[in-house]
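Reproduced below: structure-v5.cif, with mmCIF, C-alpha atoms and all ligand atoms.
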```cif
data_data
loop_
_atom_site.label_atom_id
_atom_site.label_comp_id
_atom_site.auth_asym_id
_atom_site.auth_seq_id
_atom_site.Cartn_x
_atom_site.Cartn_y
_atom_site.Cartn_z
CA MET A 26 54.75 76.68 69.19
CA GLU A 27 51.71 76.14 71.42
CA ARG A 28 50.18 79.36 72.88
CA TRP A 29 50.50 78.08 76.44
CA THR A 30 54.22 77.22 75.90
CA ARG A 31 54.92 80.81 74.73
CA LYS A 32 53.11 82.14 77.83
CA ALA A 33 55.15 79.84 80.13
CA ILE A 34 58.45 81.06 78.55
CA TRP A 35 57.47 84.74 79.12
CA ILE A 36 56.56 84.02 82.74
CA VAL A 37 59.96 82.32 83.34
CA PHE A 38 61.76 85.21 81.56
CA PHE A 39 60.09 87.90 83.73
CA LEU A 40 60.70 85.85 86.87
CA LEU A 41 64.42 85.58 86.02
CA PHE A 42 64.61 89.31 85.18
CA PHE A 43 63.07 90.49 88.48
CA LEU A 44 65.17 88.00 90.47
CA SER A 45 68.41 89.30 88.86
CA VAL A 46 67.53 92.98 89.51
CA GLY A 47 66.54 92.34 93.14
CA CYS A 48 69.84 90.71 94.35
CA SER A 49 72.33 93.05 92.60
CA THR A 50 71.24 96.37 94.17
CA SER A 51 73.27 97.08 97.31
CA THR A 52 71.12 98.81 99.89
CA ASN A 53 73.18 101.14 102.06
CA PRO A 54 71.58 101.75 105.46
CA VAL A 55 72.91 105.32 105.41
CA SER A 56 71.40 107.90 103.05
CA PRO A 57 74.01 110.03 101.17
CA SER A 58 72.41 113.21 102.56
CA ASN A 59 73.87 112.78 106.05
CA LEU A 60 77.40 111.91 104.94
CA ASN A 61 80.17 114.48 104.53
CA ASN A 62 82.19 114.21 101.34
CA THR A 63 84.69 111.73 102.85
CA ASP A 64 81.83 109.51 103.79
CA ASN A 65 80.56 109.96 100.22
CA VAL A 66 83.92 108.62 99.11
CA ALA A 67 83.39 105.71 101.45
CA LEU A 68 79.80 105.32 100.22
CA ASN A 69 80.73 105.34 96.51
CA HIS A 70 83.53 102.93 97.18
CA ASN A 71 81.29 100.79 99.34
CA GLU A 72 78.75 100.29 96.59
CA GLN A 73 81.56 98.75 94.57
CA VAL A 74 82.83 96.78 97.54
CA GLN A 75 79.31 95.76 98.49
CA GLU A 76 78.81 94.19 95.07
CA ASN A 77 82.22 92.53 95.36
CA THR A 78 81.45 91.41 98.90
CA ASP A 79 78.17 89.96 97.66
CA ASN A 80 80.45 87.73 95.63
CA GLU A 81 82.27 86.85 98.91
CA ARG A 82 85.54 88.72 98.03
CA GLN A 83 87.88 89.17 101.04
CA ILE A 84 88.24 92.78 102.24
CA VAL A 85 91.75 94.12 101.63
CA VAL A 86 93.36 96.79 103.85
CA GLY A 87 96.68 98.45 103.02
CA PHE A 88 98.53 99.46 106.19
CA SER A 89 101.54 101.78 106.17
CA GLN A 90 103.31 101.34 109.53
CA LEU A 91 105.92 104.02 110.31
CA GLY A 92 108.63 101.77 111.71
CA SER A 93 109.79 99.41 114.46
CA GLU A 94 111.57 101.92 116.73
CA SER A 95 110.11 100.89 120.08
CA ASP A 96 108.40 98.14 122.07
CA TRP A 97 105.22 100.20 121.77
CA ARG A 98 105.46 100.19 117.96
CA ASN A 99 106.09 96.47 117.75
CA ALA A 100 103.11 95.79 120.02
CA ASN A 101 101.02 98.09 117.81
CA THR A 102 102.06 96.16 114.68
CA ARG A 103 101.27 92.79 116.30
CA SER A 104 97.87 94.05 117.45
CA ILE A 105 96.90 95.20 113.94
CA GLN A 106 98.18 92.05 112.22
CA ASP A 107 96.42 89.78 114.74
CA ALA A 108 93.15 91.74 114.50
CA ALA A 109 93.16 91.57 110.68
CA LYS A 110 93.64 87.81 110.83
CA GLU A 111 90.88 87.50 113.41
CA ALA A 112 88.53 89.56 111.23
CA GLY A 113 89.34 87.60 108.05
CA ILE A 114 90.69 90.78 106.46
CA GLU A 115 93.67 90.60 104.07
CA LEU A 116 96.33 93.03 105.37
CA LEU A 117 98.94 94.42 102.98
CA PHE A 118 101.63 95.56 105.45
CA ALA A 119 104.48 97.99 104.67
CA ASN A 120 107.06 99.08 107.28
CA ALA A 121 108.51 102.49 106.37
CA GLU A 122 111.31 102.41 108.99
CA GLN A 123 110.76 106.13 109.86
CA SER A 124 110.73 107.27 106.20
CA GLN A 125 107.76 109.43 105.17
CA GLU A 126 108.73 108.95 101.51
CA LYS A 127 108.44 105.18 101.94
CA GLN A 128 104.99 105.73 103.44
CA PHE A 129 103.97 107.67 100.35
CA GLU A 130 105.31 104.86 98.12
CA ALA A 131 103.38 102.27 100.12
CA ILE A 132 100.14 104.25 99.85
CA ARG A 133 100.58 104.60 96.07
CA SER A 134 101.03 100.85 95.80
CA PHE A 135 97.86 100.32 97.86
CA ILE A 136 95.99 102.63 95.47
CA GLU A 137 97.29 100.70 92.46
CA HIS A 138 96.22 97.49 94.17
CA LYS A 139 92.73 99.02 94.62
CA VAL A 140 92.55 98.09 98.30
CA ASP A 141 89.24 98.69 100.08
CA VAL A 142 90.67 100.84 102.90
CA ILE A 143 94.06 102.44 103.59
CA ALA A 144 95.33 102.74 107.18
CA VAL A 145 98.42 104.78 107.97
CA SER A 146 100.40 105.68 111.10
CA PRO A 147 102.03 108.94 109.91
CA VAL A 148 105.64 109.29 111.06
CA ILE A 149 105.38 113.10 111.20
CA GLU A 150 102.42 115.51 111.02
CA SER A 151 103.30 117.57 107.95
CA GLY A 152 103.33 116.87 104.19
CA TRP A 153 100.32 114.54 103.91
CA GLU A 154 97.85 116.60 101.83
CA PRO A 155 98.95 115.45 98.30
CA ILE A 156 99.07 111.71 98.98
CA LEU A 157 95.79 111.73 100.92
CA LEU A 158 94.21 113.58 97.97
CA GLU A 159 95.44 110.81 95.63
CA ALA A 160 93.70 108.24 97.85
CA LYS A 161 90.50 110.30 97.94
CA GLN A 162 90.51 110.73 94.15
CA ALA A 163 90.91 106.95 93.86
CA GLY A 164 87.80 106.59 96.04
CA ILE A 165 89.70 104.77 98.81
CA PRO A 166 88.87 105.82 102.39
CA VAL A 167 91.81 106.45 104.74
CA ILE A 168 91.98 105.77 108.48
CA LEU A 169 94.76 107.36 110.56
CA SER A 170 96.11 104.91 113.15
CA ASP A 171 98.01 106.19 116.20
CA ARG A 172 99.46 109.52 115.06
CA ALA A 173 97.83 112.60 113.50
CA VAL A 174 98.43 114.72 110.39
CA GLN A 175 98.17 118.46 109.82
CA VAL A 176 95.88 118.97 106.78
CA SER A 177 93.64 121.91 105.79
CA ASP A 178 90.92 119.49 104.61
CA PRO A 179 89.88 117.03 107.36
CA SER A 180 87.72 115.16 104.85
CA LEU A 181 90.97 113.61 103.54
CA TYR A 182 90.64 110.93 106.22
CA VAL A 183 87.60 109.22 107.69
CA THR A 184 88.76 109.01 111.32
CA ILE A 185 91.83 108.93 113.54
CA ILE A 186 92.18 106.07 116.04
CA GLY A 187 94.82 107.16 118.56
CA SER A 188 95.64 108.54 121.99
CA ASP A 189 95.19 112.09 123.21
CA PHE A 190 98.89 112.97 123.37
CA TYR A 191 98.22 116.46 124.72
CA GLU A 192 96.36 114.92 127.68
CA GLU A 193 99.23 112.47 128.20
CA GLY A 194 101.60 115.45 128.53
CA ARG A 195 99.22 117.12 130.97
CA LYS A 196 99.04 113.95 133.08
CA ALA A 197 102.85 113.89 133.28
CA GLY A 198 102.88 117.55 134.37
CA LYS A 199 100.19 117.03 137.02
CA TYR A 200 102.08 114.06 138.47
CA LEU A 201 105.29 116.13 138.69
CA ILE A 202 103.59 119.06 140.44
CA ASP A 203 102.20 116.67 143.05
CA LYS A 204 105.52 114.82 143.40
CA MET A 205 107.40 118.12 143.95
CA ARG A 206 104.77 119.83 146.16
CA ASN A 207 107.16 119.93 149.16
CA GLU A 208 110.27 120.91 147.17
CA THR A 209 111.23 124.55 147.84
CA GLY A 210 114.45 124.78 145.82
CA PRO A 211 114.77 124.94 142.01
CA VAL A 212 113.76 121.72 140.24
CA GLY A 213 115.72 121.30 137.00
CA ILE A 214 113.96 119.21 134.34
CA VAL A 215 115.38 117.60 131.20
CA GLU A 216 113.11 116.28 128.46
CA LEU A 217 113.75 113.50 125.95
CA GLN A 218 111.40 114.34 123.06
CA GLY A 219 110.17 111.72 120.63
CA THR A 220 110.59 111.91 116.85
CA PHE A 221 110.87 115.58 115.86
CA GLY A 222 107.67 116.77 114.14
CA SER A 223 105.58 113.77 115.23
CA SER A 224 102.21 114.44 116.84
CA PRO A 225 102.96 112.53 120.09
CA SER A 226 106.19 114.48 120.59
CA ILE A 227 104.67 117.87 119.79
CA GLU A 228 101.55 117.32 121.87
CA ARG A 229 103.13 115.61 124.89
CA GLY A 230 105.59 118.50 125.16
CA ARG A 231 102.81 121.07 124.81
CA GLY A 232 100.56 119.43 127.40
CA PHE A 233 103.44 119.08 129.89
CA ARG A 234 104.44 122.76 129.51
CA ASP A 235 100.87 124.04 129.78
CA VAL A 236 100.48 122.33 133.16
CA ILE A 237 103.81 123.27 134.76
CA LYS A 238 104.17 126.79 133.35
CA ASP A 239 102.93 128.57 136.54
CA GLN A 240 105.13 126.49 138.89
CA GLU A 241 108.03 128.84 139.63
CA ASN A 242 110.31 126.10 141.03
CA LEU A 243 109.93 123.85 137.94
CA THR A 244 112.33 124.77 135.10
CA ILE A 245 113.03 122.91 131.86
CA LEU A 246 116.84 123.03 131.60
CA GLN A 247 117.19 121.15 128.29
CA SER A 248 114.94 119.39 125.80
CA GLU A 249 116.10 117.42 122.74
CA PRO A 250 114.64 114.84 120.30
CA ALA A 251 115.76 111.25 120.93
CA ASP A 252 113.57 109.54 118.29
CA PHE A 253 111.65 107.28 120.72
CA THR A 254 114.61 104.84 120.73
CA TYR A 255 116.67 103.26 123.56
CA GLU A 256 120.04 104.08 121.95
CA LYS A 257 119.21 107.71 121.20
CA GLY A 258 117.79 108.07 124.71
CA LYS A 259 121.17 106.95 126.13
CA GLU A 260 123.10 109.31 123.83
CA VAL A 261 121.04 112.42 124.61
CA MET A 262 120.77 111.73 128.35
CA ARG A 263 124.56 111.29 128.48
CA ALA A 264 124.92 114.75 126.89
CA PHE A 265 122.41 116.25 129.37
CA LEU A 266 124.39 114.84 132.34
CA LYS A 267 127.68 116.09 130.89
CA GLU A 268 126.30 119.62 130.54
CA ARG A 269 123.97 119.94 133.56
CA GLY A 270 125.00 117.10 135.94
CA SER A 271 123.52 117.37 139.42
CA GLU A 272 121.25 120.31 138.39
CA ILE A 273 119.03 117.66 136.85
CA LYS A 274 116.29 116.58 139.30
CA VAL A 275 113.67 115.32 136.83
CA LEU A 276 113.59 113.50 133.49
CA PHE A 277 110.42 113.62 131.38
CA ALA A 278 110.84 110.98 128.63
CA HIS A 279 108.24 110.88 125.85
CA ASN A 280 108.42 107.08 125.80
CA ASP A 281 109.70 104.09 127.79
CA ASP A 282 112.50 103.08 125.40
CA MET A 283 114.20 106.46 125.81
CA ALA A 284 113.61 106.32 129.60
CA LEU A 285 115.27 102.88 129.77
CA GLY A 286 118.29 104.18 127.86
CA ALA A 287 118.48 107.19 130.19
CA ILE A 288 118.34 104.96 133.30
CA ASP A 289 121.46 103.09 132.15
CA VAL A 290 123.51 106.27 131.68
CA ILE A 291 122.22 107.85 134.92
CA GLU A 292 123.55 104.80 136.79
CA GLU A 293 126.85 104.94 134.83
CA TYR A 294 127.09 108.61 135.90
CA GLY A 295 126.75 107.54 139.58
CA LEU A 296 123.26 108.84 140.31
CA ARG A 297 120.18 106.82 141.34
CA PRO A 298 117.33 106.86 138.77
CA GLY A 299 113.96 107.31 140.50
CA LYS A 300 115.64 108.84 143.58
CA ASP A 301 118.31 111.42 142.64
CA ILE A 302 116.45 112.00 139.37
CA VAL A 303 112.66 111.57 139.29
CA ILE A 304 111.69 109.83 136.04
CA ILE A 305 108.33 110.18 134.32
CA SER A 306 107.77 108.19 131.14
CA VAL A 307 104.98 107.46 128.62
CA ASP A 308 103.69 104.21 127.03
CA GLY A 309 103.40 101.65 129.87
CA THR A 310 105.43 98.72 128.53
CA ARG A 311 106.19 95.75 130.76
CA LYS A 312 109.86 96.79 130.92
CA ALA A 313 108.87 100.22 132.27
CA PHE A 314 106.68 98.58 134.90
CA GLU A 315 109.58 96.35 135.92
CA MET A 316 111.72 99.49 136.34
CA MET A 317 108.94 101.01 138.48
CA THR A 318 108.89 97.94 140.75
CA GLU A 319 112.65 98.50 141.21
CA GLY A 320 112.00 102.19 142.02
CA LYS A 321 113.92 103.41 138.93
CA ILE A 322 110.91 104.99 137.22
CA ASN A 323 108.43 106.95 139.36
CA ALA A 324 105.42 107.23 137.03
CA VAL A 325 104.29 106.00 133.62
CA VAL A 326 101.52 107.65 131.59
CA GLU A 327 99.87 104.84 129.66
CA CYS A 328 99.61 105.09 125.85
CA ASN A 329 97.68 102.13 124.46
CA PRO A 330 99.24 100.46 121.36
CA LEU A 331 96.57 97.74 121.11
CA LEU A 332 94.62 99.54 118.36
CA GLY A 333 94.10 96.52 116.08
CA PRO A 334 90.54 95.53 117.10
CA MET A 335 89.32 99.17 116.93
CA LEU A 336 90.95 99.61 113.52
CA MET A 337 89.33 96.49 112.05
CA GLN A 338 85.98 97.47 113.57
CA ALA A 339 86.28 100.85 111.84
CA VAL A 340 87.08 99.11 108.55
CA GLY A 341 83.92 97.05 108.94
CA GLU A 342 81.84 100.18 109.57
CA ILE A 343 83.22 101.87 106.45
CA ILE A 344 82.58 98.81 104.27
CA ALA A 345 79.01 98.70 105.59
CA GLY A 346 78.60 102.34 104.52
CA ARG A 347 78.13 103.64 108.05
CA THR A 348 79.71 106.89 109.27
CA LEU A 349 82.34 107.02 112.03
CA PRO A 350 83.26 109.65 114.66
CA LYS A 351 86.16 111.83 113.48
CA ARG A 352 88.24 110.71 116.48
CA ILE A 353 88.39 107.40 118.38
CA VAL A 354 90.51 107.51 121.58
CA PRO A 355 91.57 104.26 123.29
CA PRO A 356 91.25 103.94 127.10
CA GLU A 357 94.44 104.65 129.09
CA SER A 358 95.59 105.56 132.61
CA VAL A 359 98.53 106.75 134.73
CA PHE A 360 100.53 104.36 136.90
CA THR A 361 102.88 105.27 139.77
CA GLU A 362 105.57 103.16 141.44
CA GLU A 363 103.16 102.39 144.29
CA LEU A 364 100.85 100.61 141.84
CA ALA A 365 103.53 98.92 139.73
CA GLU A 366 103.84 95.64 141.66
CA LYS A 367 100.10 94.97 141.31
CA GLU A 368 99.93 95.91 137.59
CA VAL A 369 103.19 94.58 136.09
CA GLY A 370 101.77 91.08 135.56
CA ASN A 371 98.81 92.49 133.60
CA ARG A 372 100.86 94.24 130.93
CA GLN A 373 100.10 92.91 127.45
CA TYR A 374 103.07 94.63 125.73
C1 LIG B 401 102.36 107.04 120.47
C2 LIG B 401 103.35 106.44 119.50
C3 LIG B 401 104.73 106.63 119.99
C4 LIG B 401 105.01 105.88 121.30
C5 LIG B 401 106.42 105.45 121.07
O1 LIG B 401 101.06 106.77 120.07
O2 LIG B 401 103.23 107.06 118.23
O3 LIG B 401 105.61 106.10 119.01
O4 LIG B 401 104.83 106.66 122.45
C6 LIG B 401 106.36 105.03 119.61
O5 LIG B 401 106.88 104.43 121.90
O6 LIG B 401 107.60 104.87 119.08
#
```

Could you write out this file's structure as structure tokens?
Amino acid sequence: MERWTRKAIWIVFFLLFFLSVGCSTSTNPVSPSNLNNTDNVALNHNEQVQENTDNERQIVVGFSQLGSESDWRNANTRSIQDAAKEAGIELLFANAEQSQEKQFEAIRSFIEHKVDVIAVSPVIESGWEPILLEAKQAGIPVILSDRAVQVSDPSLYVTIIGSDFYEEGRKAGKYLIDKMRNETGPVGIVELQGTFGSSPSIERGRGFRDVIKDQENLTILQSEPADFTYEKGKEVMRAFLKERGSEIKVLFAHNDDMALGAIDVIEEYGLRPGKDIVIISVDGTRKAFEMMTEGKINAVVECNPLLGPMLMQAVGEIIAGRTLPKRIVPPESVFTEELAEKEVGNRQY
């Protein structure tokens, strides 16, 4: 073989070698030193994903939704499904219908499927350490959507995208103090709690109590879980009226569906919701705004279910190997009956 031919072959070989090395190394913009160990999980996983993504593989997110108990929940599901589609992300969706065990099963199936990111809206706060450890050991980052978990090791999830439920409870309490500022007599309150053991129920109740605790005329007569549903709200409010009747001057409902159920039984009982019984609710669904325009609900503390775009943005940040804040809180407000007419047409859920 001619000398110059051999030289040409070597040159081509070295060119091909350096070209192949150059395009396969994924460069992460974030150095491992400034990541905590969850982010390291994300980083290690991202190197794998980065190589896959180089080959144009679609990102896959496994999402364990807790149920379909309320208008808020259904709007939350639609928002996440629509945002995944918009972002070109494949969403594996599992509805647990209020069962934590089904959420664990769904997460195990996501791990087996080797999804890129797991998102979960935890039905209750407790019991999450083991399954979140399984996800971490599999190198799959977890994002909490909507509700929180109680874990000793916060590195078990990358971030939580959800409302400040404690602040929502405080807003409800502040509204009530202002609403009752001219009331001298005792003001009996009943409270429809959400799902027992869930972070919104625990925190809304805590925030509400912290704000009203020094108001001598405000007394919580009864407080029971009603699972964030319309039917259970009717059932528990009916029991409250049977036991406490006209002592009840205020209802604090942890969500609109329970408030709507309570309104129906208050009217059956012969009292006027929003007048004989002041009603404060949480979420801000269109139905609640319609009740406010009719004067049957006095105030709604908004809780934003439209978390889909923020969730998919967070997925993108993780895949790119960037770190995220430990908490992402959506914008939300408080609406009173005076504002309802103007706002009802703007409601997206
Ligand atoms: C709050 C969410 C709650 C809503 C309810 O972020 O978890 O669950 O307030 C829903 O309507 O059922």

(message) Give me, as a ChimeraX atom specification, the set of residues whose atoms come within 9 Å of any atom of ligand LIG 401 (chain B), counting all atoms listed in the file.
(response) /A:91-99,101,146-148,170-172,187-190,219-220,223-226,252-254,279-283,307-308,310,327-330

Which residues, written as a compact mmCIF listing (two decimals) with C-alpha atoms, in the coordinates of the input, have at least one atom at most 9 Å from Leu217 of chain A, with all atoms listed in the file counted and residues fewer than 6 positions away on the same chain left out?
```txt
# COMPACT_ATOMS: atom_id res chain seq x y z
CA GLN A 247 117.19 121.15 128.29
CA SER A 248 114.94 119.39 125.80
CA GLU A 249 116.10 117.42 122.74
CA PRO A 250 114.64 114.84 120.30
CA ALA A 251 115.76 111.25 120.93
CA ASP A 252 113.57 109.54 118.29
CA PHE A 253 111.65 107.28 120.72
CA GLY A 258 117.79 108.07 124.71
CA VAL A 261 121.04 112.42 124.61
CA MET A 262 120.77 111.73 128.35
CA LEU A 276 113.59 113.50 133.49
CA PHE A 277 110.42 113.62 131.38
CA ALA A 278 110.84 110.98 128.63
CA HIS A 279 108.24 110.88 125.85
CA ASN A 280 108.42 107.08 125.80
CA MET A 283 114.20 106.46 125.81
CA ALA A 284 113.61 106.32 129.60
CA ALA A 287 118.48 107.19 130.19
```

(message) Can you tell me which residues surround segment 125-132 of chain A at a distance of at most 8 Å, considering all atoms listed in the file, apart from same-chain residues fewer than 2 positions away, and format the answer as a list in words?
(response)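 Near segment 125-132 of chain A, the qualifying residues are Gly87, Ser89, Gln90, Leu91, Ala119, Asn120, Ala121, Gln123, Ser134, Phe135, Ile136, Ile143, Pro147, Val148, Ile149, Ile156 and Ala160 of chain A.
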
Output the selection as a PDB file, keeping the file's coordinate frame - C-alpha atoms for each residue.
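Result went into result04.pdb, see below:
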```
ATOM      1  CA  GLY A  87      96.680  98.450 103.020  1.00  0.00           C
ATOM      2  CA  SER A  89     101.540 101.780 106.170  1.00  0.00           C
ATOM      3  CA  GLN A  90     103.310 101.340 109.530  1.00  0.00           C
ATOM      4  CA  LEU A  91     105.920 104.020 110.310  1.00  0.00           C
ATOM      5  CA  ALA A 119     104.480  97.990 104.670  1.00  0.00           C
ATOM      6  CA  ASN A 120     107.060  99.080 107.280  1.00  0.00           C
ATOM      7  CA  ALA A 121     108.510 102.490 106.370  1.00  0.00           C
ATOM      8  CA  GLN A 123     110.760 106.130 109.860  1.00  0.00           C
ATOM      9  CA  SER A 134     101.030 100.850  95.800  1.00  0.00           C
ATOM     10  CA  PHE A 135      97.860 100.320  97.860  1.00  0.00           C
ATOM     11  CA  ILE A 136      95.990 102.630  95.470  1.00  0.00           C
ATOM     12  CA  ILE A 143      94.060 102.440 103.590  1.00  0.00           C
ATOM     13  CA  PRO A 147     102.030 108.940 109.910  1.00  0.00           C
ATOM     14  CA  VAL A 148     105.640 109.290 111.060  1.00  0.00           C
ATOM     15  CA  ILE A 149     105.380 113.100 111.200  1.00  0.00           C
ATOM     16  CA  ILE A 156      99.070 111.710  98.980  1.00  0.00           C
ATOM     17  CA  ALA A 160      93.700 108.240  97.850  1.00  0.00           C
TER      18      ALA A 160
END
```

(request) Dump as a list in words all residues having an atom at most 12 Å from (103.2, 123.8, 130.5), computed in the file's coordinates with all atoms listed in the file. (result)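 Residues lying no farther than 12 Å from the given point: Tyr191, Glu192, Gly194, Arg195, Lys196, Ala197, Gly198, Lys199, Leu201, Ile202, Glu228, Arg229, Gly230, Arg231, Gly232, Phe233, Arg234, Asp235, Val236, Ile237, Lys238, Asp239, Gln240, Glu241, Leu243, Thr244 and Ile245 of chain A.
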
(message) Taking (105.9, 101.6, 139.0) in the coordinates of the supplied file, I want to know which residues reach to within 8 Å of it, counting only C-alpha atoms; could you give the answer as a PyMOL selection string?
(response) chain A and resi 313-320+322-325+360-366

(message) Ranking A:Asn242, A:Thr184, A:Gln218, A:Ser177 by minimum distance to Glu342 of chain A and counting all atoms listed in the file, which one comes first?
(response) A:Thr184

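The spacing separating atom CA of His138 of chain A from atom CA of Val85 of chain A amounts to 9.3 Å.
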
(message) What does the structure give for the distance between atom CA of Met337 of chain A and atom CA of Ala112 of chain A, in Å to one decimal?
(response) 7.0 Å

(request) Check the smallest atom-to-atom distance from each of A:Ile305, A:Ile114, A:Leu285, A:Ala100 to Val86 of chain A using all atoms listed in the file, then report the winner. (result) A:Ile114

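For the pair atom CA of Glu292 of chain A and atom CA of Lys312 of chain A, the separation is 16.9 Å.
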
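Closest to Ile302 of chain A among A:Val212, A:Val140, A:Val183, A:Val340 is A:Val212, based on all atoms listed in the file.
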
(message) My list of candidates is A:Phe265, A:Pro334, A:Leu158, A:Gly295. Which is closest to Ile186 of chain A when distances are computed with only C-alpha atoms?
(response)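 Among A:Phe265, A:Pro334, A:Leu158, A:Gly295, it is A:Pro334 that comes nearest to Ile186 of chain A.
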